[in-house]
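Asker: Sharing data-v8.csv (CSV, C-alpha atoms and all ligand atoms) below.
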```csv
chain,number,residue,atom,x,y,z
A,927,MET,CA,-21.8,15.5,-36.1
A,928,SER,CA,-18.5,16.9,-37.6
A,929,PRO,CA,-15.4,15.1,-36.4
A,930,ALA,CA,-14.3,18.2,-34.6
A,931,ALA,CA,-17.5,18.1,-32.5
A,932,LEU,CA,-16.9,14.5,-31.5
A,933,PRO,CA,-16.1,14.1,-27.8
A,934,ASP,CA,-12.4,13.5,-26.8
A,935,ALA,CA,-11.2,10.0,-26.9
A,936,PRO,CA,-10.9,8.5,-23.4
A,937,THR,CA,-7.7,9.5,-21.8
A,938,PHE,CA,-7.2,6.1,-20.2
A,939,THR,CA,-6.7,2.8,-22.0
A,940,ASP,CA,-7.0,-0.7,-20.8
A,941,ARG,CA,-3.9,-2.3,-19.4
A,942,ARG,CA,-4.2,-5.9,-20.4
A,943,ASP,CA,-1.4,-6.9,-18.1
A,944,ALA,CA,-3.0,-5.2,-15.1
A,945,PRO,CA,-3.7,-7.6,-12.2
A,946,PHE,CA,-7.4,-8.8,-12.2
A,947,HIS,CA,-8.1,-7.3,-15.5
A,948,GLY,CA,-11.2,-9.1,-16.9
A,949,LYS,CA,-11.3,-11.4,-13.9
A,950,ASP,CA,-14.3,-12.2,-11.7
A,951,ILE,CA,-14.0,-11.4,-8.0
A,952,LEU,CA,-15.9,-14.3,-6.3
A,953,SER,CA,-13.9,-15.2,-3.2
A,954,VAL,CA,-11.1,-13.7,-1.2
A,955,ARG,CA,-9.2,-17.0,-1.8
A,956,GLN,CA,-8.3,-15.5,-5.2
A,957,PHE,CA,-6.2,-12.9,-3.5
A,958,SER,CA,-2.6,-13.7,-2.6
A,959,ARG,CA,-1.0,-11.5,0.0
A,960,GLN,CA,0.7,-9.7,-2.9
A,961,ASP,CA,-2.7,-9.1,-4.5
A,962,GLN,CA,-4.1,-7.8,-1.3
A,963,GLU,CA,-1.2,-5.4,-0.9
A,964,TYR,CA,-1.9,-4.2,-4.4
A,965,VAL,CA,-5.6,-3.6,-3.7
A,966,LEU,CA,-4.7,-1.7,-0.5
A,967,ARG,CA,-2.2,0.4,-2.4
A,968,VAL,CA,-4.7,1.3,-5.2
A,969,ALA,CA,-7.4,2.0,-2.7
A,970,HIS,CA,-5.1,4.3,-0.8
A,971,GLU,CA,-4.4,6.1,-4.1
A,972,MET,CA,-8.1,6.4,-4.8
A,973,ARG,CA,-8.6,7.9,-1.3
A,974,ASN,CA,-6.0,10.6,-2.1
A,975,LEU,CA,-7.5,11.2,-5.5
A,976,VAL,CA,-11.0,11.6,-4.2
A,977,ALA,CA,-9.7,14.0,-1.5
A,978,ARG,CA,-7.9,16.0,-4.1
A,979,ILE,CA,-10.3,16.0,-7.1
A,980,GLY,CA,-13.4,14.1,-6.2
A,981,SER,CA,-14.1,12.4,-9.5
A,982,PHE,CA,-12.0,11.6,-12.5
A,983,ASP,CA,-12.3,9.8,-15.8
A,984,LEU,CA,-10.4,6.6,-15.2
A,985,CYS,CA,-13.4,4.5,-16.3
A,986,ARG,CA,-15.1,7.0,-18.6
A,987,GLY,CA,-17.5,5.3,-21.0
A,988,LYS,CA,-17.7,2.1,-18.9
A,989,ILE,CA,-21.0,0.8,-17.4
A,990,LEU,CA,-21.5,-1.1,-14.2
A,991,ALA,CA,-24.6,-3.2,-13.6
A,992,ASN,CA,-25.7,-3.5,-9.9
A,993,LEU,CA,-27.9,-6.6,-9.6
A,994,PHE,CA,-29.2,-7.0,-6.0
A,995,TYR,CA,-31.5,-9.9,-5.1
A,996,GLU,CA,-31.1,-9.0,-1.4
A,997,PRO,CA,-31.4,-5.7,0.5
A,998,SER,CA,-28.4,-3.4,0.5
A,999,THR,CA,-27.6,0.2,1.4
A,1000,ARG,CA,-23.9,0.5,1.6
A,1001,THR,CA,-22.7,-2.1,-0.9
A,1002,SER,CA,-25.0,-1.1,-3.8
A,1003,SER,CA,-24.6,2.6,-3.2
A,1004,SER,CA,-20.9,2.5,-2.7
A,1005,PHE,CA,-20.4,0.5,-5.9
A,1006,ALA,CA,-22.6,3.0,-7.7
A,1007,ALA,CA,-20.7,6.0,-6.2
A,1008,ALA,CA,-17.4,4.2,-7.0
A,1009,MET,CA,-18.3,3.9,-10.7
A,1010,GLU,CA,-19.6,7.5,-10.9
A,1011,ARG,CA,-16.4,8.8,-9.3
A,1012,LEU,CA,-14.4,6.9,-11.8
A,1013,GLY,CA,-16.3,8.7,-14.6
A,1014,GLY,CA,-18.4,5.7,-15.6
A,1015,SER,CA,-22.2,5.0,-15.2
A,1016,VAL,CA,-24.4,2.6,-13.5
A,1017,ILE,CA,-27.5,0.4,-14.3
A,1018,SER,CA,-29.2,-0.4,-10.9
A,1019,ILE,CA,-31.5,-3.3,-10.4
A,1020,ASN,CA,-31.8,-3.0,-6.7
A,1021,GLU,CA,-35.3,-4.3,-6.5
A,1022,VAL,CA,-35.4,-7.5,-8.5
A,1023,ARG,CA,-39.1,-7.8,-7.8
A,1024,TYR,CA,-39.6,-4.9,-10.2
A,1025,SER,CA,-37.5,-6.6,-12.9
A,1026,SER,CA,-38.2,-9.7,-15.0
A,1027,VAL,CA,-36.9,-11.8,-12.1
A,1028,ALA,CA,-40.5,-11.3,-10.7
A,1029,LYS,CA,-41.8,-13.0,-13.9
A,1030,GLY,CA,-39.6,-16.0,-13.2
A,1031,GLU,CA,-36.5,-15.1,-15.2
A,1032,SER,CA,-33.5,-17.3,-14.4
A,1033,LEU,CA,-30.2,-15.9,-13.1
A,1034,PRO,CA,-28.3,-17.0,-16.2
A,1035,ASP,CA,-30.8,-15.1,-18.5
A,1036,THR,CA,-30.7,-12.0,-16.3
A,1037,VAL,CA,-26.9,-12.1,-16.3
A,1038,ARG,CA,-26.7,-12.6,-20.1
A,1039,THR,CA,-29.0,-9.6,-20.6
A,1040,LEU,CA,-27.0,-7.3,-18.4
A,1041,GLU,CA,-23.7,-8.3,-19.9
A,1042,SER,CA,-25.0,-7.1,-23.3
A,1043,TYR,CA,-25.3,-3.6,-21.8
A,1044,ALA,CA,-22.6,-3.4,-19.1
A,1045,ASP,CA,-18.9,-3.9,-18.7
A,1046,VAL,CA,-18.9,-5.2,-15.2
A,1047,LEU,CA,-21.6,-6.9,-13.1
A,1048,VAL,CA,-22.0,-6.6,-9.3
A,1049,LEU,CA,-24.2,-9.3,-7.9
A,1050,ARG,CA,-25.8,-9.9,-4.5
A,1051,HIS,CA,-27.8,-13.1,-4.1
A,1052,PRO,CA,-29.2,-15.2,-1.3
A,1053,GLU,CA,-27.6,-18.5,-2.5
A,1054,VAL,CA,-24.1,-19.6,-1.8
A,1055,GLY,CA,-22.4,-20.0,-5.2
A,1056,ALA,CA,-24.7,-17.7,-7.1
A,1057,ALA,CA,-21.9,-15.3,-8.1
A,1058,ALA,CA,-19.9,-18.3,-9.4
A,1059,GLN,CA,-22.9,-19.4,-11.4
A,1060,ALA,CA,-23.4,-15.9,-12.8
A,1061,ALA,CA,-19.7,-15.7,-13.7
A,1062,HIS,CA,-20.0,-19.0,-15.6
A,1063,TYR,CA,-22.7,-17.4,-17.9
A,1064,CYS,CA,-21.2,-13.9,-18.0
A,1065,LYS,CA,-18.4,-12.9,-20.3
A,1066,LYS,CA,-17.9,-9.7,-18.4
A,1067,PRO,CA,-16.3,-9.6,-14.9
A,1068,VAL,CA,-18.6,-10.5,-12.0
A,1069,ILE,CA,-18.0,-9.1,-8.5
A,1070,ASN,CA,-19.6,-11.1,-5.7
A,1071,ALA,CA,-21.4,-8.6,-3.4
A,1072,GLY,CA,-22.5,-11.3,-1.1
A,1073,ASP,CA,-23.7,-14.8,-1.9
A,1074,GLY,CA,-26.0,-16.0,1.0
A,1075,VAL,CA,-23.9,-17.2,3.9
A,1076,GLY,CA,-20.9,-17.7,1.6
A,1077,GLU,CA,-18.6,-14.8,1.0
A,1078,HIS,CA,-18.4,-11.0,0.7
A,1079,PRO,CA,-15.0,-10.4,-0.8
A,1080,SER,CA,-15.2,-6.7,-1.4
A,1081,GLN,CA,-16.3,-6.1,2.2
A,1082,ALA,CA,-13.4,-8.1,3.6
A,1083,LEU,CA,-11.0,-6.1,1.5
A,1084,ILE,CA,-12.6,-3.0,2.9
A,1085,ASP,CA,-12.1,-4.4,6.4
A,1086,LEU,CA,-8.5,-5.1,5.7
A,1087,PHE,CA,-8.0,-1.6,4.3
A,1088,THR,CA,-9.7,-0.1,7.4
A,1089,ILE,CA,-7.3,-2.0,9.7
A,1090,ARG,CA,-4.3,-0.8,7.6
A,1091,GLU,CA,-5.4,2.8,7.4
A,1092,GLU,CA,-6.4,3.0,11.0
A,1093,LEU,CA,-3.6,1.1,12.7
A,1094,GLU,CA,-0.9,1.2,9.9
A,1095,ARG,CA,-0.2,-2.5,10.2
A,1096,ILE,CA,-2.0,-5.9,10.1
A,1097,ASP,CA,0.8,-8.3,11.2
A,1098,GLY,CA,1.1,-8.7,14.9
A,1099,LEU,CA,-2.5,-7.6,15.8
A,1100,THR,CA,-5.1,-9.5,17.8
A,1101,VAL,CA,-8.4,-9.4,15.9
A,1102,THR,CA,-11.6,-10.4,17.6
A,1103,LEU,CA,-14.6,-11.4,15.5
A,1104,LEU,CA,-17.8,-11.1,17.5
A,1105,GLY,CA,-21.4,-12.1,17.0
A,1106,ASP,CA,-22.9,-14.3,14.3
A,1107,LEU,CA,-19.9,-16.1,12.9
A,1108,ARG,CA,-22.0,-18.9,11.5
A,1109,TYR,CA,-24.1,-17.0,9.0
A,1110,GLY,CA,-22.1,-13.7,8.7
A,1111,ARG,CA,-20.5,-13.8,5.3
A,1112,THR,CA,-18.3,-10.8,6.0
A,1113,VAL,CA,-16.5,-12.6,8.8
A,1114,HIS,CA,-16.1,-15.7,6.6
A,1115,SER,CA,-14.3,-13.7,4.0
A,1116,LEU,CA,-12.3,-11.6,6.6
A,1117,ALA,CA,-11.1,-14.7,8.5
A,1118,ARG,CA,-9.9,-16.2,5.2
A,1119,LEU,CA,-8.1,-13.0,4.2
A,1120,LEU,CA,-6.4,-12.8,7.6
A,1121,CYS,CA,-4.8,-16.2,6.9
A,1122,SER,CA,-2.2,-14.2,4.9
A,1123,TYR,CA,-1.0,-12.4,8.0
A,1124,LYS,CA,0.6,-13.1,11.4
A,1125,VAL,CA,-2.5,-12.2,13.4
A,1126,THR,CA,-4.0,-13.7,16.5
A,1127,LEU,CA,-7.7,-14.4,15.9
A,1128,ARG,CA,-10.3,-14.6,18.7
A,1129,LEU,CA,-13.7,-15.9,17.6
A,1130,VAL,CA,-16.5,-14.9,20.0
A,1131,SER,CA,-20.0,-16.1,19.3
A,1132,PRO,CA,-23.1,-17.6,20.9
A,1133,GLU,CA,-22.6,-21.4,21.1
A,1134,SER,CA,-25.2,-21.9,18.3
A,1135,LEU,CA,-23.4,-19.5,15.9
A,1136,PRO,CA,-19.8,-20.6,15.7
A,1137,MET,CA,-17.4,-20.1,12.8
A,1138,PRO,CA,-18.2,-22.9,10.3
A,1139,PRO,CA,-15.8,-25.9,10.8
A,1140,GLU,CA,-14.5,-25.7,7.2
A,1141,ILE,CA,-13.3,-22.2,7.8
A,1142,CYS,CA,-11.7,-23.2,11.1
A,1143,GLU,CA,-10.0,-25.9,9.1
A,1144,GLU,CA,-8.6,-23.4,6.7
A,1145,LEU,CA,-7.4,-21.2,9.6
A,1146,ARG,CA,-5.6,-24.2,11.0
A,1147,ALA,CA,-4.1,-25.2,7.7
A,1148,ALA,CA,-2.8,-21.7,7.3
A,1149,GLY,CA,-1.2,-21.9,10.8
A,1150,LEU,CA,-3.2,-19.0,12.1
A,1151,SER,CA,-3.4,-18.9,15.9
A,1152,PHE,CA,-7.1,-18.7,16.9
A,1153,THR,CA,-9.3,-19.6,19.8
A,1154,GLN,CA,-13.1,-19.8,20.2
A,1155,HIS,CA,-15.1,-18.2,23.0
A,1156,THR,CA,-18.6,-17.3,24.1
A,1157,GLU,CA,-17.6,-14.4,26.4
A,1158,LEU,CA,-16.1,-11.2,25.1
A,1159,ASP,CA,-14.6,-10.4,28.5
A,1160,GLU,CA,-12.1,-13.3,28.0
A,1161,VAL,CA,-10.4,-11.6,25.1
A,1162,LEU,CA,-11.3,-7.9,25.1
A,1163,ALA,CA,-8.4,-6.5,27.0
A,1164,ALA,CA,-5.8,-7.9,24.5
A,1165,THR,CA,-7.8,-7.0,21.4
A,1166,ASP,CA,-6.6,-4.5,18.8
A,1167,VAL,CA,-9.5,-4.8,16.4
A,1168,LEU,CA,-13.0,-5.6,17.6
A,1169,TYR,CA,-15.1,-6.6,14.6
A,1170,VAL,CA,-18.8,-6.7,15.6
A,1171,THR,CA,-21.5,-8.3,13.5
A,1172,ARG,CA,-25.3,-8.5,13.6
A,1173,VAL,CA,-27.1,-11.7,14.1
A,1174,GLN,CA,-28.3,-12.6,10.6
A,1175,LYS,CA,-32.0,-12.8,11.2
A,1176,GLU,CA,-32.9,-13.7,7.6
A,1177,ARG,CA,-30.8,-16.9,7.7
A,1178,PHE,CA,-32.8,-18.4,10.7
A,1179,ALA,CA,-35.4,-21.0,10.0
A,1180,ASP,CA,-37.4,-20.1,13.1
A,1181,VAL,CA,-37.9,-16.8,14.9
A,1182,GLU,CA,-37.4,-18.4,18.4
A,1183,ALA,CA,-33.9,-19.5,17.6
A,1184,TYR,CA,-33.2,-15.9,16.4
A,1185,GLU,CA,-34.8,-14.4,19.5
A,1186,ALA,CA,-32.7,-16.7,21.7
A,1187,VAL,CA,-29.4,-15.2,20.4
A,1188,ARG,CA,-30.2,-11.6,19.4
A,1189,GLY,CA,-28.8,-9.1,21.7
A,1190,ALA,CA,-26.2,-11.6,22.9
A,1191,TYR,CA,-23.5,-8.9,22.8
A,1192,VAL,CA,-24.0,-5.2,23.0
A,1193,ILE,CA,-21.0,-2.9,22.9
A,1194,THR,CA,-21.5,0.2,25.2
A,1195,PRO,CA,-19.1,2.9,26.5
A,1196,GLU,CA,-18.9,0.6,29.6
A,1197,THR,CA,-17.6,-2.3,27.5
A,1198,LEU,CA,-14.9,-0.1,26.0
A,1199,ARG,CA,-13.5,0.8,29.4
A,1200,ALA,CA,-11.8,-2.5,29.5
A,1201,ALA,CA,-10.4,-2.1,26.0
A,1202,LYS,CA,-7.1,-0.7,24.8
A,1203,PRO,CA,-7.1,3.0,24.2
A,1204,GLU,CA,-5.9,2.5,20.6
A,1205,MET,CA,-8.3,-0.4,19.8
A,1206,ILE,CA,-10.6,0.1,16.9
A,1207,VAL,CA,-14.3,-1.0,16.7
A,1208,MET,CA,-15.5,-2.1,13.3
A,1209,HIS,CA,-18.9,-3.3,12.0
A,1210,PRO,CA,-19.9,-4.1,8.4
A,1211,PHE,CA,-23.3,-2.6,9.1
A,1212,PRO,CA,-26.3,-2.5,9.3
A,1213,ARG,CA,-26.1,-2.6,13.1
A,1214,VAL,CA,-29.3,-3.5,14.9
A,1215,GLY,CA,-28.4,-2.9,18.5
A,1216,GLU,CA,-25.0,-4.6,18.8
A,1217,ILE,CA,-23.2,-1.2,19.2
A,1218,SER,CA,-24.9,1.4,21.3
A,1219,MET,CA,-25.0,4.8,19.6
A,1220,ASP,CA,-23.3,6.2,22.7
A,1221,VAL,CA,-20.1,4.6,21.4
A,1222,ASP,CA,-20.2,6.6,18.2
A,1223,ASP,CA,-18.3,9.6,19.6
A,1224,ASP,CA,-15.5,7.4,21.0
A,1225,PRO,CA,-12.4,7.8,18.7
A,1226,ARG,CA,-12.1,4.0,18.7
A,1227,ALA,CA,-15.4,3.8,16.8
A,1228,ALA,CA,-14.1,3.2,13.3
A,1229,TYR,CA,-17.3,2.0,11.7
A,1230,PHE,CA,-18.3,5.2,9.9
A,1231,ARG,CA,-14.7,5.6,8.6
A,1232,GLN,CA,-14.9,2.0,7.5
A,1233,ILE,CA,-18.0,2.9,5.4
A,1234,GLU,CA,-16.1,5.7,3.7
A,1235,TYR,CA,-13.2,3.4,3.0
A,1236,GLY,CA,-15.6,1.2,1.2
A,1237,LEU,CA,-15.8,3.7,-1.6
A,1238,TYR,CA,-12.1,3.7,-2.2
A,1239,VAL,CA,-11.7,-0.1,-2.1
A,1240,ARG,CA,-14.7,-0.5,-4.5
A,1241,MET,CA,-13.2,2.1,-6.8
A,1242,ALA,CA,-10.0,0.1,-6.8
A,1243,LEU,CA,-11.7,-3.2,-7.5
A,1244,VAL,CA,-13.8,-1.8,-10.3
A,1245,ALA,CA,-10.8,-0.1,-11.9
A,1246,MET,CA,-8.8,-3.3,-11.6
A,1247,VAL,CA,-11.3,-5.6,-13.3
A,1248,LEU,CA,-11.8,-3.0,-16.0
A,1249,GLY,CA,-8.0,-3.0,-16.6
A,1250,ARG,CA,-7.7,0.7,-15.5
A,1251,ALA,CA,-5.6,0.2,-12.4
B,1,LIG,C1,-23.3,-7.2,5.3
B,1,LIG,C2,-23.8,-8.2,4.4
B,1,LIG,O1,-24.7,-7.9,3.6
B,1,LIG,O2,-23.3,-9.3,4.4
B,1,LIG,N1,-23.5,-5.8,5.0
B,1,LIG,C3,-22.6,-5.3,4.1
B,1,LIG,O3,-22.6,-5.5,3.0
B,1,LIG,N2,-21.8,-4.4,4.6
B,1,LIG,C4,-23.5,-7.4,6.8
B,1,LIG,C5,-24.9,-7.7,7.2
B,1,LIG,O4,-25.9,-7.7,6.5
B,1,LIG,O5,-25.0,-8.0,8.5
```
Can you dump the structure from the file as structure tokens?
Ligand code: NCD
Answerer:
Amino acid sequence: MSPAALPDAPTFTDRRDAPFHGKDILSVRQFSRQDQEYVLRVAHEMRNLVARIGSFDLCRGKILANLFYEPSTRTSSSFAAAMERLGGSVISINEVRYSSVAKGESLPDTVRTLESYADVLVLRHPEVGAAAQAAHYCKKPVINAGDGVGEHPSQALIDLFTIREELERIDGLTVTLLGDLRYGRTVHSLARLLCSYKVTLRLVSPESLPMPPEICEELRAAGLSFTQHTELDEVLAATDVLYVTRVQKERFADVEAYEAVRGAYVITPETLRAAKPEMIVMHPFPRVGEISMDVDDDPRAAYFRQIEYGLYVRMALVAMVLGRA
């Protein structure tokens, strides 16, 4: 090929001083309030850019590897869409049973293989700490897309972004986390993130599925005002953000224990009659009966908008770790 026929050099270059450039994203505890504000700002900019031009070449020539050892619809496809909209490309290993993992390959070997091909690795795995382990072996940034019952930092940043975009503030709000607070990794990460704000937290769960004591300890240490309940009625009227979660069936050792708590809370139009007119209802999805479809047309139902916001936040995170934001 003659030099004249060579493609243009990338328009964007790495900014080595950019926050989170080359860093792993393993836990929300890595994000100071200032870092969070930065992510929200970049995500907001991504939202505007996508609305205006759809896709652009911020990460042109970069490759993202999506490595998922657990099922996913939104997280895997939104990371893929994020990378595509940033002008990069994606290697998807969404079904590890069709990869060498099925032959017994270890996580470190799989990670070392993918780092040879890709610039950033997104990992979902059933074990707590798997993302940290992968990061230990991987020279490229690793983004934790859920490690068992541990954390789901990108989702929690999406949740924060949703609250900010929808209600234009975070400080001063009453946030109610409802459902499986024991096994739900998204609420673990979100509760930790909310420690940076002056919010009132209401934790509503079946008695057998409370927020883990170590997270309650972190909330206390951060001086966050929170209370624990089993009845939503006790807190609904004062709630600004109702964050609903599914009971995490796959984390239960026996089916009976799951059956005893599934369907513990179901949000219906009737439920919302007792809620503030400007409250928002969020859910990380998938929902499996916790929110009736009859709620979907209520303007307070923010969960489909939350899914869309996921694209912008993941674009921001990918661009950040690649030094392009
Ligand atoms: C969540 C997850 O995987 O932790 N989904 C998601 O990524 N939005 C929530 C869930 O599975 O209940």
Asker: List as JSON, numbers by chain the protein and nucleic acid residues lying within 6 Å of ligand LIG 1 (chain B), with all atoms listed in the file counted.
Answerer: {"A": [1001, 1072, 1111, 1112, 1172, 1210, 1211, 1212]}
Asker: Determine, for each residue of stretch 1096-1199 of chain A having at least one atom at most 12 Å from an atom of stretch 952-957 of chain A, the closest pair of atoms and their separation in Å to one decimal, counting only C-alpha atoms; order by chain and ascending number, as CSV.
Answerer:
```
residue,atom,partner,partner_atom,distance
A:Arg1111,CA,A:Ser953,CA,10.9
A:Thr1112,CA,A:Val954,CA,10.6
A:Val1113,CA,A:Val954,CA,11.4
A:His1114,CA,A:Val954,CA,9.5
A:Ser1115,CA,A:Val954,CA,6.1
A:Leu1116,CA,A:Val954,CA,8.2
A:Ala1117,CA,A:Val954,CA,9.8
A:Arg1118,CA,A:Val954,CA,7.0
A:Leu1119,CA,A:Val954,CA,6.2
A:Leu1120,CA,A:Val954,CA,10.0
A:Cys1121,CA,A:Arg955,CA,9.8
A:Ser1122,CA,A:Phe957,CA,9.4
A:Ile1141,CA,A:Arg955,CA,11.7
A:Glu1144,CA,A:Arg955,CA,10.7
```
Asker: Between A:Tyr1109, A:Phe994, A:Tyr1184, A:Tyr1235, which has the minimum distance to A:Gln1081 (counting all atoms listed in the file)?
Answerer: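 Result for the nearest residue to A:Gln1081: A:Tyr1235.
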Asker: One number please: atom CA of A:Pro997 to atom CA of A:Leu1047, in Å, one decimal.
Answerer: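 If I compute the distance from atom CA of A:Pro997 to atom CA of A:Leu1047, I get 16.8 Å.
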Asker: Could you name the residues that touch stretch 1236-1240 of chain A at 10 Å or less, counting only C-alpha atoms, but leaving out those on the same chain fewer than 5 positions away, as number ranges by chain?
Answerer: A: 965-976, 1000-1001, 1003-1009, 1011, 1080-1088, 1210, 1230-1231, 1245-1246
Asker: For A:Ala1251, work out the shell of residues within 9 Å, counting all atoms listed in the file and skipping chain neighbours fewer than 6 positions away, then give it as a PDB file with C-alpha atoms, in the frame of the given file.
Answerer:
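Result saved to part-v3.pdb:
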```pdb
ATOM      1  CA  ASP A 940      -7.000  -0.700 -20.800  1.00  0.00           C
ATOM      2  CA  ARG A 941      -3.900  -2.300 -19.400  1.00  0.00           C
ATOM      3  CA  ALA A 944      -3.000  -5.200 -15.100  1.00  0.00           C
ATOM      4  CA  PRO A 945      -3.700  -7.600 -12.200  1.00  0.00           C
ATOM      5  CA  HIS A 947      -8.100  -7.300 -15.500  1.00  0.00           C
ATOM      6  CA  VAL A 968      -4.700   1.300  -5.200  1.00  0.00           C
ATOM      7  CA  LEU A 984     -10.400   6.600 -15.200  1.00  0.00           C
ATOM      8  CA  ALA A1242     -10.000   0.100  -6.800  1.00  0.00           C
ATOM      9  CA  LEU A1243     -11.700  -3.200  -7.500  1.00  0.00           C
ATOM     10  CA  VAL A1244     -13.800  -1.800 -10.300  1.00  0.00           C
ATOM     11  CA  ALA A1245     -10.800  -0.100 -11.900  1.00  0.00           C
TER      12      ALA A1245
END
```
